[in-house]
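Trainee: Just so it is clear, I am handing over structure_22.json, which has JSON, C-alpha atoms.
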```json
[["chain", "number", "residue", "atom", "x", "y", "z"],
["A", 1, "MET", "CA", -28.03, 205.90, 156.33],
["A", 2, "SER", "CA", -28.83, 207.10, 152.80],
["A", 3, "ASP", "CA", -32.34, 207.73, 151.56],
["A", 4, "GLU", "CA", -33.94, 205.82, 148.66],
["A", 5, "SER", "CA", -32.31, 208.14, 146.10],
["A", 6, "GLY", "CA", -28.83, 207.29, 147.36],
["A", 7, "ALA", "CA", -28.33, 210.85, 148.65],
["A", 8, "TRP", "CA", -26.93, 211.30, 152.13],
["A", 9, "PRO", "CA", -29.01, 213.77, 154.19],
["A", 10, "GLY", "CA", -26.95, 216.74, 155.31],
["A", 11, "GLU", "CA", -23.89, 215.38, 153.56],
["A", 12, "GLU", "CA", -21.02, 217.87, 153.73],
["A", 13, "LEU", "CA", -18.57, 218.35, 150.89],
["A", 14, "SER", "CA", -15.78, 217.05, 153.12],
["A", 15, "THR", "CA", -17.70, 213.77, 153.40],
["A", 16, "VAL", "CA", -17.92, 213.57, 149.62],
["A", 17, "PHE", "CA", -14.14, 213.93, 149.35],
["A", 18, "ALA", "CA", -13.68, 211.25, 151.99],
["A", 19, "ARG", "CA", -15.86, 208.90, 149.95],
["A", 20, "LEU", "CA", -14.02, 209.81, 146.76],
["A", 21, "ALA", "CA", -10.83, 208.81, 148.57],
["A", 22, "ASP", "CA", -12.09, 205.24, 148.22],
["A", 23, "ALA", "CA", -11.00, 205.56, 144.57],
["A", 24, "LEU", "CA", -7.45, 205.14, 145.86],
["A", 25, "ASP", "CA", -8.32, 201.60, 146.93],
["A", 26, "PRO", "CA", -7.73, 199.15, 144.04],
["A", 27, "ARG", "CA", -10.72, 197.14, 145.23],
["A", 28, "HIS", "CA", -13.05, 200.09, 144.62],
["A", 29, "ASP", "CA", -15.03, 200.04, 141.37],
["A", 30, "VAL", "CA", -14.35, 202.98, 139.06],
["A", 31, "ILE", "CA", -18.05, 202.98, 138.08],
["A", 32, "ASP", "CA", -19.02, 203.77, 141.67],
["A", 33, "THR", "CA", -16.44, 206.56, 141.77],
["A", 34, "MET", "CA", -17.81, 208.12, 138.59],
["A", 35, "ASP", "CA", -21.40, 207.87, 139.85],
["A", 36, "LEU", "CA", -20.42, 209.52, 143.12],
["A", 37, "LEU", "CA", -18.64, 212.26, 141.19],
["A", 38, "VAL", "CA", -21.61, 213.24, 139.01],
["A", 39, "GLN", "CA", -24.05, 213.03, 141.91],
["A", 40, "ALA", "CA", -21.82, 215.22, 144.09],
["A", 41, "ALA", "CA", -21.33, 217.72, 141.25],
["A", 42, "VAL", "CA", -25.10, 218.24, 141.03],
["A", 43, "ARG", "CA", -25.67, 218.21, 144.78],
["A", 44, "HIS", "CA", -23.00, 220.79, 145.55],
["A", 45, "THR", "CA", -23.29, 223.15, 142.57],
["A", 46, "ALA", "CA", -26.11, 224.85, 140.67],
["A", 47, "ALA", "CA", -25.96, 222.22, 137.91],
["A", 48, "VAL", "CA", -29.19, 220.29, 137.29],
["A", 49, "GLU", "CA", -27.47, 217.34, 135.56],
["A", 50, "ALA", "CA", -23.98, 215.96, 135.06],
["A", 51, "GLY", "CA", -22.28, 213.33, 132.94],
["A", 52, "ILE", "CA", -18.79, 211.90, 132.67],
["A", 53, "VAL", "CA", -16.77, 210.37, 129.85],
["A", 54, "LEU", "CA", -13.53, 208.36, 129.95],
["A", 55, "ALA", "CA", -11.14, 207.67, 127.09],
["A", 56, "ASP", "CA", -9.95, 204.23, 126.02],
["A", 57, "MET", "CA", -6.37, 203.52, 124.96],
["A", 58, "GLU", "CA", -7.05, 204.90, 121.47],
["A", 59, "GLY", "CA", -8.44, 208.14, 122.86],
["A", 60, "THR", "CA", -12.06, 207.31, 122.05],
["A", 61, "LEU", "CA", -14.45, 208.65, 124.68],
["A", 62, "HIS", "CA", -17.20, 206.58, 126.29],
["A", 63, "VAL", "CA", -20.00, 207.67, 128.64],
["A", 64, "VAL", "CA", -19.42, 205.95, 131.99],
["A", 65, "GLY", "CA", -21.67, 207.95, 134.31],
["A", 66, "SER", "CA", -24.62, 210.34, 134.29],
["A", 67, "THR", "CA", -27.32, 211.65, 136.58],
["A", 68, "SER", "CA", -30.20, 210.92, 134.18],
["A", 69, "GLU", "CA", -31.20, 209.36, 130.89],
["A", 70, "ARG", "CA", -31.46, 212.72, 129.16],
["A", 71, "THR", "CA", -27.89, 213.48, 130.19],
["A", 72, "SER", "CA", -26.71, 210.14, 128.81],
["A", 73, "ASP", "CA", -28.54, 210.87, 125.56],
["A", 74, "VAL", "CA", -26.92, 214.30, 125.19],
["A", 75, "GLU", "CA", -23.46, 212.93, 126.01],
["A", 76, "GLU", "CA", -23.81, 210.00, 123.59],
["A", 77, "MET", "CA", -25.00, 212.34, 120.84],
["A", 78, "GLU", "CA", -22.13, 214.73, 121.59],
["A", 79, "LEU", "CA", -19.65, 211.91, 121.08],
["A", 80, "GLY", "CA", -21.48, 210.79, 117.95],
["A", 81, "ILE", "CA", -21.41, 214.18, 116.24],
["A", 82, "GLU", "CA", -17.91, 214.88, 117.63],
["A", 83, "GLN", "CA", -18.62, 218.38, 118.85],
["A", 84, "GLY", "CA", -19.39, 219.94, 122.21],
["A", 85, "PRO", "CA", -17.85, 221.24, 125.45],
["A", 86, "CYS", "CA", -16.99, 217.85, 126.94],
["A", 87, "LEU", "CA", -15.01, 216.84, 123.86],
["A", 88, "ASP", "CA", -13.18, 220.18, 123.72],
["A", 89, "SER", "CA", -12.40, 220.02, 127.44],
["A", 90, "TYR", "CA", -10.91, 216.54, 127.07],
["A", 91, "ARG", "CA", -8.91, 217.38, 123.96],
["A", 92, "MET", "CA", -7.50, 220.66, 125.28],
["A", 93, "GLY", "CA", -7.19, 219.63, 128.92],
["A", 94, "MET", "CA", -8.95, 222.85, 129.89],
["A", 95, "VAL", "CA", -12.19, 223.96, 131.51],
["A", 96, "VAL", "CA", -14.79, 224.91, 128.91],
["A", 97, "ASP", "CA", -17.27, 227.37, 130.38],
["A", 98, "THR", "CA", -20.44, 227.97, 128.34],
["A", 99, "PRO", "CA", -22.63, 230.37, 130.35],
["A", 100, "ASP", "CA", -25.10, 230.64, 127.45],
["A", 101, "LEU", "CA", -25.32, 227.74, 124.99],
["A", 102, "ASN", "CA", -27.12, 229.91, 122.46],
["A", 103, "GLU", "CA", -24.02, 232.06, 122.15],
["A", 104, "ALA", "CA", -21.98, 228.93, 121.27],
["A", 105, "ARG", "CA", -24.30, 227.94, 118.41],
["A", 106, "GLN", "CA", -21.74, 228.85, 115.75],
["A", 107, "ARG", "CA", -19.05, 226.78, 117.50],
["A", 108, "TRP", "CA", -21.20, 223.66, 118.10],
["A", 109, "PRO", "CA", -24.36, 224.04, 115.98],
["A", 110, "GLU", "CA", -25.60, 220.45, 116.26],
["A", 111, "PHE", "CA", -24.69, 220.04, 119.91],
["A", 112, "VAL", "CA", -26.40, 223.26, 120.97],
["A", 113, "GLN", "CA", -29.58, 222.24, 119.17],
["A", 114, "ILE", "CA", -29.57, 218.82, 120.86],
["A", 115, "ALA", "CA", -28.81, 220.23, 124.32],
["A", 116, "GLU", "CA", -31.47, 222.94, 124.10],
["A", 117, "GLN", "CA", -34.05, 220.41, 122.95],
["A", 118, "ARG", "CA", -33.33, 218.52, 126.20],
["A", 119, "GLY", "CA", -33.88, 221.67, 128.26],
["A", 120, "PHE", "CA", -30.27, 222.70, 128.88],
["A", 121, "ARG", "CA", -29.26, 226.35, 128.59],
["A", 122, "ALA", "CA", -25.64, 226.41, 129.82],
["A", 123, "GLY", "CA", -22.74, 224.09, 130.47],
["A", 124, "TYR", "CA", -19.44, 223.72, 132.30],
["A", 125, "ALA", "CA", -16.97, 221.01, 131.29],
["A", 126, "VAL", "CA", -14.01, 220.05, 133.48],
["A", 127, "PRO", "CA", -11.18, 217.82, 132.21],
["A", 128, "LEU", "CA", -9.99, 214.79, 134.12],
["A", 129, "THR", "CA", -6.32, 215.48, 133.56],
["A", 130, "LEU", "CA", -3.13, 215.50, 135.61],
["A", 131, "ARG", "CA", 0.47, 216.12, 134.57],
["A", 132, "GLY", "CA", -0.31, 215.65, 130.90],
["A", 133, "GLN", "CA", -2.45, 212.55, 131.34],
["A", 134, "HIS", "CA", -5.91, 213.07, 129.83],
["A", 135, "LEU", "CA", -8.48, 210.57, 131.09],
["A", 136, "GLY", "CA", -11.79, 212.18, 130.14],
["A", 137, "ALA", "CA", -14.05, 215.00, 131.27],
["A", 138, "VAL", "CA", -17.09, 215.76, 133.39],
["A", 139, "ASN", "CA", -19.89, 217.84, 131.89],
["A", 140, "LEU", "CA", -22.26, 219.92, 134.04],
["A", 141, "PHE", "CA", -25.56, 221.15, 132.58],
["A", 142, "PHE", "CA", -27.79, 224.03, 133.68],
["A", 143, "ASP", "CA", -31.39, 224.91, 132.93],
["A", 144, "ARG", "CA", -30.71, 228.67, 132.93],
["A", 145, "VAL", "CA", -28.01, 230.92, 131.50],
["A", 146, "HIS", "CA", -25.27, 232.50, 133.61],
["A", 147, "GLY", "CA", -26.25, 230.36, 136.60],
["A", 148, "PHE", "CA", -22.75, 229.19, 137.49],
["A", 149, "THR", "CA", -20.82, 230.93, 140.29],
["A", 150, "ASP", "CA", -17.10, 231.02, 141.04],
["A", 151, "GLN", "CA", -17.77, 228.79, 144.04],
["A", 152, "ASP", "CA", -19.54, 226.26, 141.81],
["A", 153, "ALA", "CA", -16.51, 226.30, 139.51],
["A", 154, "ALA", "CA", -14.13, 225.68, 142.41],
["A", 155, "VAL", "CA", -16.22, 222.76, 143.70],
["A", 156, "ALA", "CA", -16.54, 221.18, 140.24],
["A", 157, "GLN", "CA", -12.82, 221.44, 139.57],
["A", 158, "ALA", "CA", -11.91, 220.09, 143.00],
["A", 159, "LEU", "CA", -14.19, 217.08, 142.57],
["A", 160, "ALA", "CA", -12.80, 216.35, 139.11],
["A", 161, "GLN", "CA", -9.20, 216.76, 140.27],
["A", 162, "PHE", "CA", -9.69, 214.51, 143.26],
["A", 163, "ALA", "CA", -11.27, 211.77, 141.16],
["A", 164, "THR", "CA", -8.50, 212.12, 138.57],
["A", 165, "ILE", "CA", -5.77, 211.67, 141.16],
["A", 166, "GLY", "CA", -7.50, 208.54, 142.45],
["A", 167, "ILE", "CA", -7.81, 206.99, 139.01],
["A", 168, "ILE", "CA", -4.21, 207.81, 138.02],
["A", 169, "GLN", "CA", -2.82, 206.37, 141.26],
["A", 170, "ARG", "CA", -4.73, 203.16, 140.62],
["A", 171, "ARG", "CA", -3.15, 203.01, 137.17],
["A", 172, "ALA", "CA", 0.35, 204.03, 138.24],
["A", 173, "LEU", "CA", 1.74, 200.49, 138.28],
["A", 174, "ALA", "CA", -0.50, 199.13, 135.55],
["A", 175, "ASP", "CA", 0.80, 198.36, 132.09],
["A", 176, "ARG", "CA", -1.05, 199.11, 128.85],
["A", 177, "ALA", "CA", -2.97, 195.83, 128.85],
["A", 178, "ASP", "CA", -4.10, 196.30, 132.45],
["A", 179, "ARG", "CA", -5.33, 199.82, 131.75],
["A", 180, "ALA", "CA", -7.28, 198.63, 128.73],
["A", 181, "SER", "CA", -8.74, 195.87, 130.89],
["A", 182, "GLN", "CA", -9.82, 198.40, 133.54],
["A", 183, "LEU", "CA", -11.66, 200.52, 131.01],
["A", 184, "GLN", "CA", -13.24, 197.44, 129.45],
["A", 185, "HIS", "CA", -14.46, 196.45, 132.91],
["A", 186, "ALA", "CA", -16.01, 199.91, 133.30],
["A", 187, "LEU", "CA", -17.74, 199.62, 129.93],
["A", 188, "ASP", "CA", -18.94, 196.08, 130.68],
["A", 189, "SER", "CA", -20.25, 197.26, 134.06],
["A", 190, "ARG", "CA", -22.21, 200.02, 132.38],
["A", 191, "VAL", "CA", -23.86, 197.48, 130.06],
["A", 192, "VAL", "CA", -24.93, 195.35, 133.05],
["A", 193, "ILE", "CA", -26.21, 198.43, 134.87],
["A", 194, "GLU", "CA", -28.27, 199.48, 131.83],
["A", 195, "GLN", "CA", -29.76, 195.97, 131.68],
["A", 196, "ALA", "CA", -30.61, 196.09, 135.38],
["A", 197, "LYS", "CA", -32.24, 199.52, 135.00],
["A", 198, "GLY", "CA", -34.41, 198.14, 132.21],
["A", 199, "ALA", "CA", -35.36, 195.07, 134.23],
["A", 200, "LEU", "CA", -36.26, 197.15, 137.29],
["A", 201, "ALA", "CA", -38.24, 199.62, 135.20],
["A", 202, "PHE", "CA", -40.26, 196.74, 133.74],
["A", 203, "GLN", "CA", -40.77, 194.98, 137.07],
["A", 204, "ARG", "CA", -41.84, 198.12, 138.92],
["A", 205, "ASN", "CA", -43.51, 199.84, 135.96],
["A", 206, "VAL", "CA", -41.47, 202.99, 136.60],
["A", 207, "PRO", "CA", -39.35, 205.29, 134.39],
["A", 208, "ILE", "CA", -35.70, 204.35, 133.75],
["A", 209, "ASP", "CA", -34.42, 207.22, 135.90],
["A", 210, "GLU", "CA", -36.49, 206.06, 138.86],
["A", 211, "ALA", "CA", -35.24, 202.51, 138.35],
["A", 212, "PHE", "CA", -31.65, 203.76, 138.52],
["A", 213, "THR", "CA", -32.47, 205.69, 141.69],
["A", 214, "LEU", "CA", -33.69, 202.45, 143.27],
["A", 215, "LEU", "CA", -30.59, 200.57, 142.12],
["A", 216, "ARG", "CA", -28.21, 203.25, 143.37],
["A", 217, "GLY", "CA", -30.02, 203.60, 146.68],
["A", 218, "HIS", "CA", -29.86, 199.87, 147.32],
["A", 219, "ALA", "CA", -26.15, 199.74, 146.47],
["A", 220, "ARG", "CA", -25.27, 202.57, 148.83],
["A", 221, "SER", "CA", -27.50, 201.44, 151.68],
["A", 222, "THR", "CA", -25.93, 197.96, 151.58],
["A", 223, "GLY", "CA", -22.37, 199.08, 150.80],
["A", 224, "THR", "CA", -22.40, 197.04, 147.58],
["A", 225, "ARG", "CA", -20.87, 197.97, 144.23],
["A", 226, "LEU", "CA", -23.31, 199.18, 141.57],
["A", 227, "HIS", "CA", -22.06, 196.49, 139.19],
["A", 228, "ASP", "CA", -22.66, 193.71, 141.72],
["A", 229, "VAL", "CA", -26.21, 194.85, 142.52],
["A", 230, "ALA", "CA", -26.98, 195.21, 138.81],
["A", 231, "GLU", "CA", -25.62, 191.74, 138.09],
["A", 232, "GLN", "CA", -27.77, 190.24, 140.84],
["A", 233, "ILE", "CA", -30.85, 191.97, 139.45],
["A", 234, "VAL", "CA", -30.15, 190.79, 135.90],
["A", 235, "ASN", "CA", -29.62, 187.23, 137.14],
["A", 236, "GLN", "CA", -32.78, 187.51, 139.28],
["A", 237, "ARG", "CA", -30.91, 186.76, 142.50],
["A", 238, "ILE", "CA", -32.36, 189.74, 144.39],
["A", 239, "ASP", "CA", -35.56, 191.79, 144.33],
["A", 240, "ILE", "CA", -35.26, 195.36, 145.57]]
```
Mind converting the file's structure to structure tokens?

Mentor:
Amino acid sequence: MSDESGAWPGEELSTVFARLADALDPRHDVIDTMDLLVQAAVRHTAAVEAGIVLADMEGTLHVVGSTSERTSDVEEMELGIEQGPCLDSYRMGMVVDTPDLNEARQRWPEFVQIAEQRGFRAGYAVPLTLRGQHLGAVNLFFDRVHGFTDQDAAVAQALAQFATIGIIQRRALADRADRASQLQHALDSRVVIEQAKGALAFQRNVPIDEAFTLLRGHARSTGTRLHDVAEQIVNQRIDI
């Protein structure tokens, strides 16, 4: 049984991988996989926040998962100004380790300013890539410099690799139109989830992040997809 935050008490990393294995099931929603990925990255590393971006058929990146509103803001701004570790990681298909953001100011001047204003001091971006297929990247943020260990790096890369394999296997037999449709579904789901977060925040008079915690917790405790719970909230079919 999960707690209200959606976290599983005493959850071992092996359990996280077992749950990520659900990504291999075509019936599993990619949005839930991405949410599990960013939550696990924070829970099992020193990162304080995490976000994930996926590319559409034209190679344009979109934010499809994050652990908080400030992370979403930073990721959206990073895509808007077209500079930052997540973008470089996706484009190069390589890990981009930034143990001290201040030292990367010359490389990404606008991004570093934005990230530091949000309280981030370091970053670690891992590509979602396999055999030349570049799907996106996951970005881990830290509130202190040089706070990332080799073990953290191994966990982050393993999580990203596992999720990547799941997504690629789901797409293996899909044609171009189907793949575009899958991403569009992910983007549409995110819109519904954002609407549900806003509705819950208004109903409960709580911050957006707390509203998302309630939504996520309800989805996991009932074994329901995030999109389906969000849709029910937006259509006023359930009250959580």

Trainee: Write out as a PyMOL selection string which residues come within 9 Å of Ile31 of chain A when counting only C-alpha atoms, dropping same-chain ones fewer than 4 positions away.

Mentor: chain A and resi 35-36+64-65+186-187+189-190+225-227

Trainee: Counting all atoms listed in the file, figure out which residue out of A:Ser72, A:Thr149, A:Gln232, A:Thr213 gets nearest to His44 of chain A.

Mentor: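 Closest residue, counting all atoms listed in the file: A:Thr149.
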
Trainee: Between atom CA of Val126 of chain A and atom CA of Val95 of chain A, what is the spacing in Å?

Mentor: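 Value for the atom CA of Val95 of chain A-atom CA of Val126 of chain A distance: 4.7 Å.
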
Trainee: Return the single residue from A:Asp143, A:Asp97, A:Glu194, A:Asp188 that is closest to Ala115 of chain A, with distances computed using all atoms listed in the file.

Mentor: A:Asp143

Trainee: May I ask for the distance between atom CA of Gly198 of chain A and atom CA of Phe120 of chain A, given in Å to one decimal place?

Mentor: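 Going from atom CA of Gly198 of chain A over to atom CA of Phe120 of chain A, I get 25.1 Å.
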